[in-house]
$ cat target_21.tsv   # TSV, C-alpha atoms
chain	number	residue	atom	x	y	z
Z	1	MET	CA	121.66	85.79	112.75
Z	2	SER	CA	119.07	86.27	110.01
Z	3	LEU	CA	116.73	89.23	109.87
Z	4	VAL	CA	113.80	86.82	109.91
Z	5	LYS	CA	114.89	85.39	113.26
Z	6	CYS	CA	115.15	88.92	114.65
Z	7	GLY	CA	111.60	89.68	113.52
Z	8	LEU	CA	112.88	92.35	111.14
Z	9	LEU	CA	111.55	90.97	107.88
Z	10	ASP	CA	110.93	93.73	105.35
Z	11	PRO	CA	107.25	93.75	104.27
Z	12	TRP	CA	108.29	94.99	100.82
Z	13	CYS	CA	110.83	92.25	100.04
Z	14	PRO	CA	109.59	89.16	98.17
Z	15	VAL	CA	109.74	86.98	101.29
Z	16	GLY	CA	107.88	89.65	103.29
Z	17	ARG	CA	105.14	89.89	100.68
Z	18	GLY	CA	104.95	86.10	100.62
Z	19	VAL	CA	104.51	85.95	104.40
Z	20	ILE	CA	101.72	88.53	104.22
Z	21	THR	CA	99.98	86.69	101.37
Z	22	GLU	CA	100.33	83.36	103.16
Z	23	HIS	CA	98.76	84.91	106.27
Z	24	VAL	CA	95.80	86.17	104.21
Z	25	VAL	CA	95.20	82.73	102.66
Z	26	TYR	CA	95.65	81.00	106.03
Z	27	THR	CA	93.08	83.33	107.61
Z	28	VAL	CA	90.51	82.99	104.82
Z	29	LEU	CA	90.71	79.19	104.59
Z	30	GLY	CA	90.60	78.80	108.37
Z	31	ASP	CA	91.43	75.08	108.30
Z	32	CYS	CA	95.18	75.21	107.75
Z	33	PHE	CA	98.43	74.33	109.42
Z	34	LYS	CA	101.36	76.65	108.61
Z	35	CYS	CA	104.44	74.77	107.45
Z	36	ASN	CA	106.75	77.80	107.61
Z	37	THR	CA	107.37	79.57	110.89
Z	38	TYR	CA	108.80	82.99	111.65
Z	39	ASP	CA	112.20	81.45	112.30
Z	40	ASN	CA	112.25	78.81	109.55
Z	41	PHE	CA	111.20	79.36	105.94
Z	42	ASN	CA	112.60	76.09	104.57
Z	43	ALA	CA	109.44	73.97	104.45
Z	44	PRO	CA	108.72	72.53	100.99
Z	45	TYR	CA	105.08	73.66	101.27
Z	46	ASP	CA	103.36	76.69	102.76
Z	47	LEU	CA	100.11	75.32	104.18
Z	48	ILE	CA	98.33	72.04	104.78
Z	49	SER	CA	94.54	72.33	104.57
Z	50	LYS	CA	91.84	69.83	105.47
Z	51	LYS	CA	89.96	70.79	102.31
Z	52	TYR	CA	92.79	71.30	99.80
Z	53	GLY	CA	95.65	69.22	101.15
Z	54	ILE	CA	99.17	70.51	100.55
Z	55	ILE	CA	99.24	74.13	99.31
Z	56	ASN	CA	101.88	76.48	98.01
Z	57	VAL	CA	100.76	80.10	98.18
Z	58	LYS	CA	101.95	82.35	95.34
Z	59	SER	CA	101.58	86.10	95.00
Z	60	GLY	CA	102.16	88.35	92.06
Z	61	THR	CA	101.56	91.91	91.04
Z	62	LEU	CA	99.95	92.86	87.76
Z	63	TYR	CA	102.63	94.18	85.41
Z	64	LYS	CA	102.89	95.23	81.79
Z	65	ARG	CA	105.01	92.96	79.60
Z	66	ASN	CA	107.23	94.32	76.84
Z	67	TYR	CA	104.59	93.51	74.21
Z	68	GLY	CA	101.90	95.43	76.12
Z	69	ALA	CA	99.88	92.67	77.78
Z	70	TYR	CA	99.16	92.92	81.50
Z	71	THR	CA	100.12	89.73	83.32
Z	72	TRP	CA	100.46	88.08	86.71
Z	73	SER	CA	103.41	85.76	87.06
Z	74	PHE	CA	103.69	83.33	89.96
Z	75	ASN	CA	107.19	81.90	90.20
Z	76	ILE	CA	107.87	78.25	90.89
Z	77	LYS	CA	111.31	77.22	92.05
Z	78	GLU	CA	113.08	74.62	89.97
Z	79	HIS	CA	112.83	71.15	91.52
Z	80	GLN	CA	110.14	72.35	93.93
Z	81	TYR	CA	107.74	69.69	95.16
Z	82	ILE	CA	104.40	69.74	93.38
Z	83	PRO	CA	101.64	70.55	95.89
Z	84	ASP	CA	98.05	69.43	95.66
Z	85	TYR	CA	97.13	73.06	94.93
Z	86	TYR	CA	98.68	76.42	94.23
Z	87	ILE	CA	96.70	79.34	95.60
Z	88	CYS	CA	97.69	82.26	93.40
Z	89	VAL	CA	96.86	85.70	94.74
Z	90	GLY	CA	96.87	88.44	92.10
Z	91	PHE	CA	97.53	91.95	93.36
Z	92	ASP	CA	97.14	95.21	91.47
Z	93	GLU	CA	100.23	97.02	90.15
Z	94	ASN	CA	101.25	98.44	93.56
Z	95	TYR	CA	100.27	95.64	95.94
Z	96	ASN	CA	97.44	97.84	97.25
Z	97	ASN	CA	94.57	95.43	96.53
Z	98	ILE	CA	93.99	91.75	95.90
Z	99	ILE	CA	92.00	91.67	92.68
Z	100	LYS	CA	92.13	88.01	91.64
Z	101	VAL	CA	92.55	84.65	93.38
Z	102	TRP	CA	92.91	81.24	91.74
Z	103	ILE	CA	93.05	77.80	93.35
Z	104	ILE	CA	94.92	75.75	90.77
Z	105	PRO	CA	95.62	72.01	91.03
Z	106	GLY	CA	99.36	71.30	91.19
Z	107	LYS	CA	99.23	69.16	88.06
Z	108	SER	CA	97.01	71.48	86.01
Z	109	TYR	CA	97.96	72.24	82.43
Z	110	VAL	CA	98.33	75.94	83.34
Z	111	VAL	CA	101.23	75.21	85.70
Z	112	GLY	CA	104.51	75.71	83.85
Z	113	LYS	CA	107.94	74.42	84.78
Z	114	TYR	CA	109.03	77.76	86.29
Z	115	SER	CA	105.84	79.77	86.71
Z	116	ILE	CA	102.12	80.11	86.42
Z	117	SER	CA	101.52	83.02	84.09
Z	118	ILE	CA	98.07	84.57	83.69
Z	119	THR	CA	97.45	87.32	81.17
Z	120	LYS	CA	94.74	89.85	81.96
Z	121	SER	CA	92.95	89.46	78.66
Z	122	GLU	CA	89.77	87.72	77.56
Z	123	ASN	CA	91.65	84.61	76.41
Z	124	GLY	CA	94.12	84.63	79.31
Z	125	LEU	CA	91.41	84.84	81.97
Z	126	LYS	CA	89.24	82.30	80.13
Z	127	ARG	CA	92.12	79.82	80.38
Z	128	VAL	CA	91.97	79.88	84.21
Z	129	LYS	CA	88.29	80.73	84.73
Z	130	GLN	CA	87.50	77.33	86.25
Z	131	TYR	CA	90.08	77.98	89.00
Z	132	GLU	CA	89.10	81.55	89.85
Z	133	ILE	CA	87.35	82.28	93.14
Z	134	ASP	CA	85.93	85.47	94.60
Z	135	ALA	CA	88.80	87.67	95.80
Z	136	ALA	CA	86.69	89.93	98.06
Z	137	GLN	CA	87.28	88.02	101.31
Z	138	TYR	CA	91.01	87.80	100.61
Z	139	ASP	CA	91.21	91.52	99.93
Z	140	TYR	CA	89.19	92.30	103.07
Z	141	ILE	CA	91.66	90.37	105.25
Z	142	TYR	CA	94.57	92.04	103.44
Z	143	GLN	CA	93.11	95.51	104.03
Z	144	THR	CA	92.23	94.99	107.69
Z	145	PHE	CA	94.90	92.88	109.41
Z	146	ASP	CA	97.65	94.48	111.51
Z	147	ILE	CA	101.09	93.55	110.22
Z	148	LEU	CA	102.53	93.82	113.73
Z	149	ASP	CA	100.38	90.83	114.75
Z	150	LEU	CA	102.66	88.61	112.66
Z	151	PRO	CA	105.81	87.46	114.50
Z	152	GLU	CA	107.90	88.03	111.37
Z	153	PHE	CA	107.21	91.77	111.57
Z	154	ARG	CA	106.77	92.27	115.32
Z	155	ASN	CA	110.02	94.20	115.74
Z	156	LEU	CA	109.58	96.57	112.82
Z	157	ASP	CA	110.93	100.00	113.56
Z	158	LEU	CA	107.97	102.26	114.39
Z	159	LEU	CA	109.01	104.87	111.80
Z	160	GLN	CA	109.42	102.18	109.16
Z	161	TYR	CA	106.00	100.77	110.08
Z	162	GLU	CA	104.33	104.19	109.92
Z	163	SER	CA	105.98	104.78	106.54
Z	164	PHE	CA	104.63	101.39	105.37
Z	165	LEU	CA	101.12	102.28	106.56
Z	166	ARG	CA	101.16	105.54	104.57
Z	167	THR	CA	101.63	103.51	101.38
Z	168	LEU	CA	98.46	101.49	101.95
Z	169	PRO	CA	95.20	102.60	100.32
Z	170	PHE	CA	93.15	102.85	103.52

$ encode --input "target_21.tsv" --output "structure tokens"
Amino acid sequence: MSLVKCGLLDPWCPVGRGVITEHVVYTVLGDCFKCNTYDNFNAPYDLISKKYGIINVKSGTLYKRNYGAYTWSFNIKEHQYIPDYYICVGFDENYNNIIKVWIIPGKSYVVGKYSISITKSENGLKRVKQYEIDAAQYDYIYQTFDILDLPEFRNLDLLQYESFLRTLPF
């Protein structure tokens, strides 16, 4: 039996962070159908929206590359279906805040074969400026929702949950 089916998904693992990010986007857009459920994460897309169509939600933390540039990298699985849009949610270095959000068409020139990479520099941000939207509402939802409201995390151990809460900025 998988940990996901037991409701014991770790909020710090990549799938856990993805579920949290998907919930934030789902809540902000308000017109979506979730393709993945707490007991099945095998859907080829994350959300279907009346406004945007088929969406894959991507999250990434800001990190420093070997050559010194700060970058967000949003991984794309090989042979993954191309959605109508990628909603890329850029977190700070520690996943404490959502600082950037981009809604990028699936066939945009900035979408690479394996990732969407955005450098936090004048030229890097200029390259995706047309896709950037205000991140404030996304960050507000991220800061204020209760993780235990999500079925994937409903059975978190209380001590583990309290430990998780102490890592958050609020």

$ closest_residue --input "target_21.tsv" --among "Z:Thr61, Z:Asn36, Z:Ser108, Z:Ser115" --to "Phe91 in chain Z" --atoms "only C-alpha atoms"
Z:Thr61

$ residues_around --input "target_21.tsv" --residues "Asn75 in chain Z" --least-positions-apart "3" --cutoff "12 Å" --atoms "all atoms listed in the file" --output "number ranges by chain"
Z: 14, 18, 56-61, 72, 78, 80, 86, 88-89, 111-118

$ residues_around --input "target_21.tsv" --residues "Ile133 in chain Z" --least-positions-apart "3" --cutoff "12 Å" --atoms "all atoms listed in the file" --output "NGL selection string"
:Z and (87-90 or 98-104 or 128-130 or 136-138)

$ closest_residue --input "target_21.tsv" --among "Z:Asp46, Z:Lys120, Z:Thr71, Z:Asp149" --to "Thr21 in chain Z" --atoms "all atoms listed in the file"
Z:Asp46

$ axis_aligned_box --input "target_21.tsv" --around "range 12-24 of chain Z" --padding-each-side "6 Å" --output "JSON"
{"center_x": 103.3, "center_y": 89.2, "center_z": 102.2, "size_x": 27.0, "size_y": 23.6, "size_z": 20.1}

$ residues_around --input "target_21.tsv" --residues "Gln143 in chain Z" --least-positions-apart "2" --cutoff "8 Å" --atoms "all atoms listed in the file" --output "JSON list (two decimals) with C-alpha atoms, in the coordinates of the input"
[["chain", "number", "residue", "atom", "x", "y", "z"],
["Z", 97, "ASN", "CA", 94.57, 95.43, 96.53],
["Z", 139, "ASP", "CA", 91.21, 91.52, 99.93],
["Z", 140, "TYR", "CA", 89.19, 92.30, 103.07],
["Z", 141, "ILE", "CA", 91.66, 90.37, 105.25],
["Z", 145, "PHE", "CA", 94.90, 92.88, 109.41],
["Z", 170, "PHE", "CA", 93.15, 102.85, 103.52]]

$ residues_around --input "target_21.tsv" --residues "Tyr26 in chain Z" --least-positions-apart "4" --cutoff "10 Å" --atoms "only C-alpha atoms" --output "list in words"
Ile20, Thr21, Glu22, Gly30, Asp31, Cys32, Phe33, Lys34, Asp46, Leu47, Ile48, Ser49, Val57 and Tyr138 of chain Z

$ atom_distance --input "target_21.tsv" --atom1 "CA of Ser73 in chain Z" --atom2 "CA of Thr144 in chain Z"
25.2 Å

$ residues_near_point --input "target_21.tsv" --point "(97.9, 88.6, 76.3)" --cutoff "12 Å" --atoms "only C-alpha atoms" --output "PyMOL selection string"
chain Z and resi 63-72+117-127

$ closest_residue --input "target_21.tsv" --among "Z:Lys50, Z:Tyr81, Z:Ile55, Z:Ala135" --to "Cys35 in chain Z" --atoms "only C-alpha atoms"
Z:Ile55

$ atom_distance --input "target_21.tsv" --atom1 "CA of Pro11 in chain Z" --atom2 "CA of Tyr142 in chain Z"
12.8 Å

$ atom_distance --input "target_21.tsv" --atom1 "CA of Tyr45 in chain Z" --atom2 "CA of Val28 in chain Z"
17.7 Å

$ residues_near_point --input "target_21.tsv" --point "(99.0, 69.4, 98.3)" --cutoff "6 Å" --atoms "all atoms listed in the file" --output "ChimeraX atom specification"
/Z:53-55,83-85

$ closest_residue --input "target_21.tsv" --among "Z:Leu148, Z:Tyr95, Z:Leu29, Z:Gly106" --to "Leu62 in chain Z" --atoms "only C-alpha atoms"
Z:Tyr95
